[in-house]
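S.K.: Input structure: model34.txt, which contains compact mmCIF, C-alpha atoms and all ligand atoms.
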```txt
# COMPACT_ATOMS: atom_id res chain seq x y z
CA MET F 280 -11.36 24.28 -18.67
CA LYS F 281 -14.79 22.76 -18.83
CA SER F 282 -15.59 20.07 -16.28
CA VAL F 283 -17.68 17.06 -17.25
CA ASN F 284 -19.46 15.07 -14.62
CA PHE F 285 -18.74 11.40 -15.17
CA LEU F 286 -22.01 10.41 -13.57
CA ASN F 287 -23.78 11.81 -16.61
CA HIS F 288 -21.13 10.55 -18.95
CA THR F 289 -21.38 10.38 -22.68
CA ASP F 290 -19.50 8.00 -24.96
CA SER F 291 -16.96 10.64 -25.80
CA VAL F 292 -16.20 11.19 -22.12
CA VAL F 293 -15.74 7.45 -21.64
CA LYS F 294 -13.37 7.40 -24.60
CA LYS F 295 -11.47 10.35 -23.26
CA PHE F 296 -11.26 8.66 -19.90
CA LYS F 297 -9.85 5.49 -21.44
CA ARG F 298 -7.35 7.46 -23.47
CA ASP F 299 -6.22 9.50 -20.52
CA PHE F 300 -6.09 6.53 -18.27
CA GLN F 301 -4.55 3.88 -20.44
CA SER F 302 -2.18 5.62 -22.79
CA PRO F 303 0.72 7.98 -22.23
CA TYR F 304 -0.12 11.63 -21.99
CA LYS F 305 1.71 14.73 -20.97
CA ALA F 306 0.65 14.91 -17.34
CA MET F 307 3.64 14.38 -15.13
CA LYS F 308 2.41 14.89 -11.62
CA ALA F 309 0.45 11.80 -10.66
CA ILE F 310 -0.40 9.80 -7.57
CA ILE F 311 -2.09 6.44 -6.93
CA ALA F 312 -2.95 4.62 -3.70
CA THR F 313 -4.45 1.30 -2.62
CA TRP F 314 -8.04 0.65 -1.52
CA SER F 315 -10.88 3.10 -1.05
CA PHE F 316 -9.13 4.71 1.92
CA GLY F 317 -6.46 5.53 -0.64
CA LEU F 318 -8.70 8.41 -1.64
CA LYS F 319 -7.79 10.22 1.56
CA ALA F 320 -4.10 9.48 0.84
CA VAL F 321 -4.33 10.69 -2.74
CA GLU F 322 -6.09 13.89 -1.71
CA SER F 323 -3.36 14.68 0.84
CA GLY F 324 -0.49 13.71 -1.45
CA TRP F 325 -1.95 15.58 -4.39
CA ARG F 326 -1.94 18.85 -2.43
CA VAL F 327 1.83 18.43 -2.06
CA LEU F 328 2.40 17.65 -5.74
CA ARG F 329 0.09 20.42 -6.91
CA GLU F 330 2.14 22.98 -5.02
CA GLY F 331 5.33 21.74 -6.66
CA GLY F 332 6.38 19.47 -3.79
CA SER F 333 8.49 16.34 -4.25
CA ALA F 334 7.16 12.84 -4.79
CA LEU F 335 8.94 11.89 -1.58
CA ASP F 336 6.98 14.45 0.44
CA ALA F 337 3.79 13.55 -1.39
CA VAL F 338 4.05 9.83 -0.60
CA GLU F 339 4.98 10.44 3.04
CA THR F 340 2.12 12.93 3.47
CA ALA F 341 -0.35 10.63 1.71
CA ILE F 342 0.49 7.64 3.88
CA ARG F 343 0.53 9.66 7.10
CA ALA F 344 -3.06 10.72 6.39
CA VAL F 345 -4.14 7.08 6.60
CA GLU F 346 -1.85 6.21 9.52
CA ASN F 347 -3.40 9.09 11.47
CA ASP F 348 -6.91 7.69 11.10
CA PHE F 349 -7.41 5.59 14.22
CA SER F 350 -10.60 4.08 12.88
CA ASN F 351 -8.52 2.14 10.37
CA ARG F 352 -7.94 -1.44 11.58
CA SER F 353 -5.17 -2.36 9.18
CA VAL F 354 -2.88 0.68 9.15
CA GLY F 355 -1.25 2.58 12.01
CA LEU F 356 -1.83 2.36 15.74
CA GLY F 357 -5.58 1.92 15.27
CA GLY F 358 -4.84 -1.45 13.65
CA TYR F 359 -5.50 -4.91 15.06
CA PRO F 360 -2.73 -6.10 17.37
CA ASN F 361 -0.55 -9.18 17.20
CA ILE F 362 -1.59 -12.17 19.22
CA ALA F 363 0.05 -10.80 22.35
CA GLY F 364 -2.04 -7.62 22.12
CA PHE F 365 0.56 -5.20 20.72
CA VAL F 366 0.20 -3.33 17.46
CA GLU F 367 3.36 -4.01 15.45
CA LEU F 368 3.79 -1.95 12.30
CA ASP F 369 5.68 -2.37 9.02
CA ALA F 370 6.43 0.48 6.59
CA ALA F 371 8.85 1.41 3.83
CA ILE F 372 9.64 4.09 1.29
CA MET F 373 11.77 3.98 -1.87
CA ASP F 374 13.03 6.89 -3.95
CA GLY F 375 13.20 5.81 -7.58
CA SER F 376 15.49 8.64 -8.60
CA THR F 377 18.29 7.67 -6.19
CA LEU F 378 17.38 4.02 -5.59
CA ARG F 379 17.61 4.74 -1.91
CA ALA F 380 15.16 3.10 0.47
CA GLY F 381 14.28 2.90 4.13
CA SER F 382 12.07 0.54 6.06
CA VAL F 383 10.96 -0.45 9.53
CA ALA F 384 9.53 -3.77 10.60
CA ALA F 385 7.57 -4.91 13.65
CA VAL F 386 7.90 -1.51 15.28
CA ARG F 387 5.74 -0.55 18.28
CA ASN F 388 4.59 2.82 19.65
CA VAL F 389 5.05 4.77 16.45
CA GLN F 390 2.12 6.66 14.97
CA ASN F 391 3.81 7.34 11.63
CA PRO F 392 6.07 4.42 10.70
CA ILE F 393 6.33 5.82 7.15
CA SER F 394 8.15 8.85 8.56
CA LEU F 395 10.45 6.57 10.55
CA ALA F 396 11.18 4.60 7.36
CA ARG F 397 12.12 7.86 5.68
CA LYS F 398 14.44 8.68 8.59
CA VAL F 399 16.12 5.30 8.14
CA MET F 400 16.63 6.11 4.46
CA GLU F 401 17.93 9.63 4.96
CA ASN F 402 19.74 9.44 8.28
CA THR F 403 21.26 5.99 8.62
CA PRO F 404 23.60 3.87 6.51
CA HIS F 405 20.97 1.08 6.54
CA ILE F 406 17.80 0.18 4.70
CA MET F 407 15.83 -1.88 7.19
CA ILE F 408 15.56 -1.63 10.97
CA ALA F 409 13.38 -4.04 12.94
CA GLY F 410 11.73 -4.43 16.32
CA GLU F 411 13.28 -2.89 19.39
CA GLY F 412 15.96 -1.11 17.37
CA ALA F 413 13.30 0.60 15.30
CA THR F 414 11.44 1.66 18.43
CA LYS F 415 14.67 3.11 19.83
CA LEU F 416 15.27 4.99 16.62
CA ALA F 417 11.73 6.37 16.85
CA LYS F 418 12.59 7.78 20.28
CA PHE F 419 15.73 9.34 18.85
CA PHE F 420 13.84 11.03 16.02
CA GLY F 421 10.90 12.13 18.18
CA LEU F 422 8.48 9.73 16.51
CA TYR F 423 7.81 7.56 19.57
CA VAL F 424 4.45 7.79 21.34
CA ASP F 425 4.08 6.62 24.95
CA LYS F 426 0.44 5.89 24.67
CA ALA F 427 -0.35 3.23 22.14
CA ASP F 428 -3.44 1.65 23.69
CA LEU F 429 -5.54 -0.56 21.49
CA GLN F 430 -8.65 1.02 20.08
CA PRO F 431 -11.69 -0.35 21.98
CA GLU F 432 -13.03 -2.27 18.98
CA ALA F 433 -9.60 -3.75 18.22
CA ARG F 434 -9.23 -4.81 21.87
CA MET F 435 -12.66 -6.44 21.88
CA GLU F 436 -11.90 -8.39 18.72
CA TRP F 437 -8.52 -9.47 20.08
CA GLU F 438 -10.02 -10.67 23.35
CA LYS F 439 -12.65 -12.61 21.44
CA ARG F 440 -9.92 -14.34 19.43
CA LEU F 441 -7.99 -15.21 22.54
CA LYS F 442 -11.07 -16.74 24.15
CA THR F 443 -11.97 -18.83 21.12
CA ALA F 444 -8.46 -20.13 20.77
CA LEU F 445 -8.05 -20.80 24.47
CA SER F 446 -11.21 -22.86 24.67
CA ALA F 447 -9.37 -25.64 22.83
CA SER F 448 -5.94 -24.65 23.92
CA PRO F 449 -2.70 -26.53 24.11
CA ARG F 450 -0.48 -25.75 27.08
CA GLU F 451 -0.28 -22.01 27.61
CA GLY F 452 3.04 -20.54 26.54
CA SER F 453 4.03 -23.51 24.34
CA VAL F 454 4.75 -22.98 20.66
CA ASP F 455 1.60 -24.94 19.89
CA TYR F 456 -0.31 -22.45 21.97
CA TRP F 457 0.95 -19.48 19.99
CA LEU F 458 0.45 -21.21 16.67
CA LYS F 459 -3.09 -22.05 17.62
CA LEU F 460 -3.77 -18.44 18.51
CA ALA F 461 -2.23 -17.14 15.30
CA ALA F 462 -4.22 -19.64 13.26
CA GLU F 463 -7.36 -18.08 14.67
CA GLY F 464 -6.19 -14.76 13.26
CA VAL F 465 -8.05 -13.09 10.46
CA PHE F 466 -6.18 -12.04 7.41
CA ASN F 467 -6.23 -8.29 7.27
CA HIS F 468 -5.52 -7.16 3.76
CA ASP F 469 -5.60 -3.42 3.68
CA THR F 470 -2.12 -1.97 3.52
CA ILE F 471 -1.89 1.64 2.39
CA GLY F 472 0.45 1.63 -0.61
CA CYS F 473 1.15 4.79 -2.60
CA VAL F 474 3.19 5.72 -5.67
CA ALA F 475 3.71 9.29 -6.86
CA MET F 476 5.60 11.13 -9.60
CA ASP F 477 6.53 14.80 -9.27
CA GLU F 478 7.17 17.52 -11.85
CA ASN F 479 10.81 16.43 -12.09
CA ARG F 480 9.63 12.92 -12.99
CA ASN F 481 10.96 11.44 -9.77
CA ILE F 482 8.97 8.39 -8.81
CA VAL F 483 8.57 7.29 -5.19
CA ALA F 484 6.76 4.29 -3.69
CA GLY F 485 5.76 3.69 -0.08
CA CYS F 486 3.58 1.51 2.10
CA SER F 487 2.48 1.09 5.70
CA THR F 488 0.47 -1.57 7.52
CA SER F 489 -0.34 -3.20 10.83
CA GLY F 490 -0.22 -6.42 8.84
CA TYR F 491 -1.88 -9.73 9.47
CA ALA F 492 -4.31 -9.30 12.35
CA PHE F 493 -3.45 -11.36 15.47
CA LYS F 494 -0.20 -12.46 13.87
CA LEU F 495 2.61 -14.14 15.77
CA VAL F 496 4.81 -11.74 17.69
CA GLY F 497 7.59 -10.51 15.39
CA ARG F 498 5.87 -11.61 12.17
CA VAL F 499 6.95 -9.34 9.31
CA GLY F 500 5.02 -9.10 6.06
CA ASP F 501 5.97 -7.92 2.58
CA SER F 502 5.40 -4.21 3.20
CA PRO F 503 8.87 -3.33 4.55
CA ILE F 504 10.64 -5.58 2.04
CA ILE F 505 12.03 -3.74 -0.96
CA GLY F 506 10.97 -5.51 -4.14
CA ALA F 507 8.09 -7.34 -2.50
CA GLY F 508 5.87 -4.68 -0.88
CA LEU F 509 7.18 -1.78 -2.95
CA TYR F 510 9.69 -0.77 -5.59
CA ALA F 511 10.53 2.36 -7.57
CA ASN F 512 13.10 3.36 -10.14
CA SER F 513 13.17 5.77 -13.08
CA PHE F 514 10.83 3.55 -15.14
CA GLY F 515 8.01 3.26 -12.65
CA GLY F 516 6.87 2.35 -9.19
CA ALA F 517 4.62 -0.23 -7.58
CA ALA F 518 3.24 -1.14 -4.17
CA ALA F 519 1.50 -4.32 -3.12
CA THR F 520 -1.27 -5.30 -0.76
CA GLY F 521 -2.62 -8.70 0.19
CA LEU F 522 -1.20 -11.66 2.02
CA GLY F 523 2.45 -10.80 2.62
CA GLU F 524 3.52 -14.44 2.69
CA ASN F 525 2.39 -14.70 -0.94
CA ILE F 526 3.65 -11.31 -2.09
CA MET F 527 7.16 -12.02 -0.82
CA ILE F 528 7.35 -15.32 -2.70
CA HIS F 529 6.67 -13.55 -6.00
CA ASN F 530 8.63 -10.38 -5.31
CA VAL F 531 5.58 -8.67 -6.73
CA SER F 532 6.48 -4.96 -6.85
CA ARG F 533 9.87 -5.50 -8.45
CA ARG F 534 8.24 -7.73 -11.04
CA VAL F 535 5.69 -5.08 -12.04
CA VAL F 536 8.48 -2.50 -12.39
CA ASP F 537 10.54 -4.99 -14.42
CA PHE F 538 7.75 -5.12 -16.98
CA MET F 539 7.60 -1.32 -17.10
CA GLU F 540 11.36 -1.28 -17.54
CA GLN F 541 10.88 -3.50 -20.57
CA GLY F 542 8.71 -0.76 -22.05
CA LEU F 543 5.18 -1.70 -21.06
CA PRO F 544 2.79 0.94 -19.74
CA ALA F 545 1.63 0.43 -16.16
CA ASP F 546 -1.68 -1.26 -16.99
CA GLU F 547 -0.06 -3.80 -19.34
CA ALA F 548 2.78 -4.42 -16.88
CA SER F 549 0.10 -5.12 -14.29
CA GLU F 550 -1.65 -7.65 -16.48
CA LYS F 551 1.61 -9.42 -17.31
CA THR F 552 2.40 -9.65 -13.63
CA ILE F 553 -0.97 -11.19 -12.81
CA GLN F 554 -0.59 -13.67 -15.67
CA TYR F 555 2.92 -14.55 -14.53
CA ILE F 556 1.85 -15.11 -10.93
CA SER F 557 -1.11 -17.21 -12.03
CA LYS F 558 1.13 -19.33 -14.23
CA VAL F 559 3.93 -20.03 -11.78
CA GLY F 560 2.25 -19.47 -8.46
CA ARG F 561 1.23 -22.03 -5.97
CA ARG F 562 0.63 -19.16 -3.56
CA ILE F 563 -1.54 -16.72 -5.44
CA GLU F 564 -4.35 -15.87 -3.08
CA GLN F 565 -4.94 -12.27 -2.19
CA ILE F 566 -2.30 -10.39 -4.14
CA SER F 567 -3.13 -6.91 -5.39
CA PHE F 568 -0.98 -3.97 -6.36
CA ILE F 569 -0.89 -0.47 -7.81
CA ALA F 570 1.53 0.80 -10.45
CA LEU F 571 2.56 4.10 -12.00
CA ASP F 572 4.85 4.42 -15.01
CA LYS F 573 7.22 7.18 -16.05
CA ASN F 574 4.60 8.63 -18.42
CA GLY F 575 2.15 9.17 -15.60
CA CYS F 576 -0.09 6.24 -16.55
CA PHE F 577 -1.80 4.21 -13.87
CA GLY F 578 -2.05 0.46 -13.51
CA ALA F 579 -3.22 -2.02 -10.92
CA GLY F 580 -3.76 -5.75 -10.67
CA THR F 581 -5.35 -8.36 -8.49
CA THR F 582 -5.38 -12.13 -8.32
CA GLY F 583 -8.75 -11.84 -6.62
CA GLU F 584 -11.98 -10.78 -8.27
CA ALA F 585 -11.61 -7.04 -7.89
CA PHE F 586 -9.51 -4.40 -6.19
CA GLU F 587 -10.21 -0.71 -5.59
CA PHE F 588 -7.67 2.07 -5.73
CA ALA F 589 -7.55 5.86 -5.89
CA VAL F 590 -5.82 8.10 -8.44
CA MET F 591 -5.17 11.70 -9.31
CA SER F 592 -3.07 13.42 -11.95
CA GLU F 593 -2.96 16.62 -13.95
CA ALA F 594 -5.36 15.01 -16.41
CA PHE F 595 -8.22 15.09 -13.89
CA SER F 596 -9.87 17.79 -11.87
CA GLN F 597 -10.28 15.78 -8.67
CA PRO F 598 -9.14 12.50 -7.12
CA PHE F 599 -11.38 9.50 -7.73
CA LEU F 600 -11.69 5.77 -7.19
CA LEU F 601 -11.19 3.06 -9.76
CA LYS F 602 -11.68 -0.66 -9.67
CA VAL F 603 -9.70 -3.31 -11.48
CA ARG F 604 -11.38 -6.63 -12.13
CA ASN F 605 -9.58 -9.83 -12.99
CA GLU F 606 -11.42 -11.62 -15.78
CA LYS F 607 -9.56 -14.88 -16.23
CA GLY F 608 -6.17 -13.16 -16.24
CA HIS F 609 -7.32 -10.11 -18.18
CA LEU F 610 -7.57 -6.90 -16.25
CA VAL F 611 -10.56 -4.66 -16.76
CA PHE F 612 -10.45 -1.15 -15.34
CA GLU F 613 -13.63 0.67 -14.49
CA LYS F 614 -14.84 3.69 -12.63
CA ILE F 615 -16.70 3.37 -9.37
CA PRO F 616 -19.87 5.28 -10.27
CA GLU F 617 -20.81 6.38 -6.76
CA ARG F 618 -17.44 8.12 -6.50
CA GLY F 619 -17.76 9.99 -9.81
CA PHE F 620 -14.93 12.02 -11.16
CA GLN F 621 -14.65 15.11 -13.27
CA SER F 622 -12.50 15.12 -16.36
CA SER F 623 -11.33 18.45 -17.65
C1 LIG F 701 1.02 -8.02 5.20
N1 LIG F 701 0.63 -7.17 2.98
O1 LIG F 701 1.50 -7.68 6.25
C2 LIG F 701 0.40 -6.96 4.37
C3 LIG F 701 -1.00 -7.03 4.76
C4 LIG F 701 -1.88 -6.34 3.94
O2 LIG F 701 -2.86 -5.50 2.22
O3 LIG F 701 -2.78 -5.92 4.39
N2 LIG F 701 -1.85 -6.12 2.78
O4 LIG F 701 0.98 -9.16 4.79
```
Could you quickly redo this structure as structure tokens?
M.R.:
Amino acid sequence: MKSVNFLNHTDSVVKKFKRDFQSPYKAMKAIIATWSFGLKAVESGWRVLREGGSALDAVETAIRAVENDFSNRSVGLGGYPNIAGFVELDAAIMDGSTLRAGSVAAVRNVQNPISLARKVMENTPHIMIAGEGATKLAKFFGLYVDKADLQPEARMEWEKRLKTALSASPREGSVDYWLKLAAEGVFNHDTIGCVAMDENRNIVAGCSTSGYAFKLVGRVGDSPIIGAGLYANSFGGAAATGLGENIMIHNVSRRVVDFMEQGLPADEASEKTIQYISKVGRRIEQISFIALDKNGCFGAGTTGEAFEFAVMSEAFSQPFLLKVRNEKGHLVFEKIPERGFQSS
């Protein structure tokens, strides 16, 4: 098959790209992930799919690749800590073919919370395990790590926050004190979310995050909540990123899949979701998501100005980055030129 470099694209390549991207085609194996670091996830997950692996393995592998990068400040143990200086992680996985799911919330000392979430799904009668119980389960399954020191840059940033907050502090240890500290927190909006479909058309969604930087101890975001941070069934899958407190209110991932269930392709389901949230939402800041439908078509949406994500399917010769822009409720998808792709 002849490869065409998108950087020197012609109109016909652009048209082909739009057709491949926005309308159903025969490619079944497909994978999509949030943000530019999603490229690393997509590359890892694609290797699994390409070799005939399951969507479940692909999503777990994809997310682990980002969790294992300690330079990432919003995913895994390299992430910013909570206000007490501990990294607390949320993660979940959902198998659309069985409607089974597993999740962990506010878990410490686990390098790969996505794998722990999968253990919860496959080896317990439960869906969600939080806090100390999740850490204990990690020990049981050999996923616990003794050493979970903050990365130097994360520690520096945390100490800076503490100092700023303490300079005008209420009584140390009071609720006011903790709230003040948390209010100084920065919103960290880079969850790794991933959705994949394998050659048997099984769709799986997953996500993993260290959540809101300098959050209150025990704060749980949308990522481990089925329907909010992720959802998958036989019609499609979705995963969200952005301020969890907003995503939960709108049950974002389930809503995107609902629209796909009604027959819309992923990109149209995404637009409907954004329009719905904008219409009803008081809390609409910072919500973005990715979507994949049962025909292998990609979608994504954002209530912000733009949101980057990574994709790969049988229709393309290598993974690449896309951007979705929100133009007054209408979603416009475009390539990111500096990360050109090759269409076969
Ligand atoms: C949360 N949704 O914990 C996560 C944070 C995030 O991109 O980064 N999303 O609220």
S.K.: Residues within 7 Å of Ala344 (chain F), please, as a ChimeraX atom specification. Count only C-alpha atoms; anything in the same chain fewer than 4 positions from it doesn't count.
M.R.: /F:319-320,323,340,348
S.K.: Determine, counting all atoms listed in the file, which protein, DNA and RNA residues have an atom within 9 Å of an atom of Ser382 (chain F); residues of the same chain fewer than 6 positions away are not included. Present the result as a list of chain:residue names.
M.R.: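 After dropping sequence-adjacent residues, the list is F:Asp369, F:Ala370, F:Ala371, F:Ile372, F:Met373, F:Pro392, F:Ile393, F:Leu395, F:Ala396, F:Arg397, F:Lys398, F:Val399, F:Met400, F:His405, F:Ile406, F:Met407, F:Ile408, F:Ala409, F:Ser502, F:Pro503, F:Ile504, F:Ile505.
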S.K.: From the set F:Asp477, F:Val386, F:Ile311, F:Ala492, which residue has the shortest atom-to-atom contact distance to Gly358 (chain F), counting only C-alpha atoms?
M.R.: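 Nearest candidate to Gly358 (chain F) out of F:Asp477, F:Val386, F:Ile311, F:Ala492: F:Ala492.
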S.K.: Have a look at CA of Gly324 (chain F) and CA of Pro404 (chain F) and let me know their distance in Å, one decimal.
M.R.: 27.2 Å
S.K.: Can you tell me which residues surround region 591-593 of chain F at a distance of at most 12 Å, considering all atoms listed in the file, apart from same-chain residues fewer than 3 positions away, and format the answer as a PDB file with C-alpha atoms, in the coordinates of the input?
M.R.:
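Output file part06.pdb is given in full below:
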```pdb
ATOM      1  CA  ASP F 299      -6.220   9.500 -20.520  1.00  0.00           C
ATOM      2  CA  PHE F 300      -6.090   6.530 -18.270  1.00  0.00           C
ATOM      3  CA  TYR F 304      -0.120  11.630 -21.990  1.00  0.00           C
ATOM      4  CA  LYS F 305       1.710  14.730 -20.970  1.00  0.00           C
ATOM      5  CA  ALA F 306       0.650  14.910 -17.340  1.00  0.00           C
ATOM      6  CA  MET F 307       3.640  14.380 -15.130  1.00  0.00           C
ATOM      7  CA  LYS F 308       2.410  14.890 -11.620  1.00  0.00           C
ATOM      8  CA  ALA F 309       0.450  11.800 -10.660  1.00  0.00           C
ATOM      9  CA  ILE F 310      -0.400   9.800  -7.570  1.00  0.00           C
ATOM     10  CA  ILE F 311      -2.090   6.440  -6.930  1.00  0.00           C
ATOM     11  CA  ALA F 312      -2.950   4.620  -3.700  1.00  0.00           C
ATOM     12  CA  GLY F 317      -6.460   5.530  -0.640  1.00  0.00           C
ATOM     13  CA  LEU F 318      -8.700   8.410  -1.640  1.00  0.00           C
ATOM     14  CA  LYS F 319      -7.790  10.220   1.560  1.00  0.00           C
ATOM     15  CA  ALA F 320      -4.100   9.480   0.840  1.00  0.00           C
ATOM     16  CA  VAL F 321      -4.330  10.690  -2.740  1.00  0.00           C
ATOM     17  CA  GLU F 322      -6.090  13.890  -1.710  1.00  0.00           C
ATOM     18  CA  SER F 323      -3.360  14.680   0.840  1.00  0.00           C
ATOM     19  CA  GLY F 324      -0.490  13.710  -1.450  1.00  0.00           C
ATOM     20  CA  TRP F 325      -1.950  15.580  -4.390  1.00  0.00           C
ATOM     21  CA  ARG F 326      -1.940  18.850  -2.430  1.00  0.00           C
ATOM     22  CA  LEU F 328       2.400  17.650  -5.740  1.00  0.00           C
ATOM     23  CA  ARG F 329       0.090  20.420  -6.910  1.00  0.00           C
ATOM     24  CA  CYS F 473       1.150   4.790  -2.600  1.00  0.00           C
ATOM     25  CA  VAL F 474       3.190   5.720  -5.670  1.00  0.00           C
ATOM     26  CA  ALA F 475       3.710   9.290  -6.860  1.00  0.00           C
ATOM     27  CA  MET F 476       5.600  11.130  -9.600  1.00  0.00           C
ATOM     28  CA  ASP F 477       6.530  14.800  -9.270  1.00  0.00           C
ATOM     29  CA  GLU F 478       7.170  17.520 -11.850  1.00  0.00           C
ATOM     30  CA  LEU F 571       2.560   4.100 -12.000  1.00  0.00           C
ATOM     31  CA  ASN F 574       4.600   8.630 -18.420  1.00  0.00           C
ATOM     32  CA  GLY F 575       2.150   9.170 -15.600  1.00  0.00           C
ATOM     33  CA  CYS F 576      -0.090   6.240 -16.550  1.00  0.00           C
ATOM     34  CA  PHE F 577      -1.800   4.210 -13.870  1.00  0.00           C
ATOM     35  CA  PHE F 588      -7.670   2.070  -5.730  1.00  0.00           C
ATOM     36  CA  SER F 596      -9.870  17.790 -11.870  1.00  0.00           C
ATOM     37  CA  GLN F 597     -10.280  15.780  -8.670  1.00  0.00           C
ATOM     38  CA  PRO F 598      -9.140  12.500  -7.120  1.00  0.00           C
ATOM     39  CA  PHE F 599     -11.380   9.500  -7.730  1.00  0.00           C
ATOM     40  CA  LEU F 600     -11.690   5.770  -7.190  1.00  0.00           C
ATOM     41  CA  LEU F 601     -11.190   3.060  -9.760  1.00  0.00           C
ATOM     42  CA  PHE F 620     -14.930  12.020 -11.160  1.00  0.00           C
ATOM     43  CA  GLN F 621     -14.650  15.110 -13.270  1.00  0.00           C
ATOM     44  CA  SER F 622     -12.500  15.120 -16.360  1.00  0.00           C
ATOM     45  CA  SER F 623     -11.330  18.450 -17.650  1.00  0.00           C
TER      46      SER F 623
END
```
S.K.: Output, as lines of an AutoDock Vina configuration file, the centre and edge lengths in Å (one decimal) of the axis-aligned box that contains all listed atoms of ligand LIG 701 (chain F) with 5 Å of margin on each side.
M.R.:
```
center_x = -0.7
center_y = -7.3
center_z = 4.2
size_x = 14.4
size_y = 13.7
size_z = 14.0
```
S.K.: All residues within 9 Å of ligand LIG 701 (chain F) are required, counting only C-alpha atoms and all ligand atoms; please report them as a PyMOL selection string.
M.R.: chain F and resi 313-314+353-354+368-369+466-472+487-492+498-503+508+519-527+565-568
S.K.: Between CA of Gly542 (chain F) and CA of Val603 (chain F), measure the distance and give it in Å to one decimal.
M.R.: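 Interatomic distance, CA of Gly542 (chain F) to CA of Val603 (chain F): 21.4 Å.
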S.K.: Provide the CA of Lys494 (chain F) to CA of Gly516 (chain F) distance in Å, to one decimal place.
M.R.: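 Calculated distance between CA of Lys494 (chain F) and CA of Gly516 (chain F) is 28.3 Å.
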S.K.: Using only C-alpha atoms, which protein or nucleic acid residues come within 8 Å of region 555-561 of chain F? Drop anything in the same chain fewer than 3 positions from it, and give the result as a list of chain:residue names.
M.R.: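 Counting only the stated atoms, we get F:His529, F:Lys551, F:Thr552, F:Thr582, F:Gly608.
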S.K.: Mind checking which residues fall within 8 Å of Asn347 (chain F), counting all atoms listed in the file, ignoring those fewer than 5 positions away in the same chain, and posting them as a list in words?
M.R.: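 So, after excluding close chain neighbours, the residues are Gly355, Gln390 and Asn391 of chain F.
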S.K.: Pick from F:Val424, F:Gly497, F:Lys418, F:Val483: nearest to Glu367 (chain F), with all atoms listed in the file counted?
M.R.: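 Closest candidate: F:Gly497.
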S.K.: Anything within 12 Å of (2.8, 2.6, 19.7): list those residues as a PyMOL selection string, counting all atoms listed in the file and sticking to the file's coordinates.
M.R.: chain F and resi 346+349+355-358+360+364-368+385-392+410-411+413-415+417-418+422-430+489
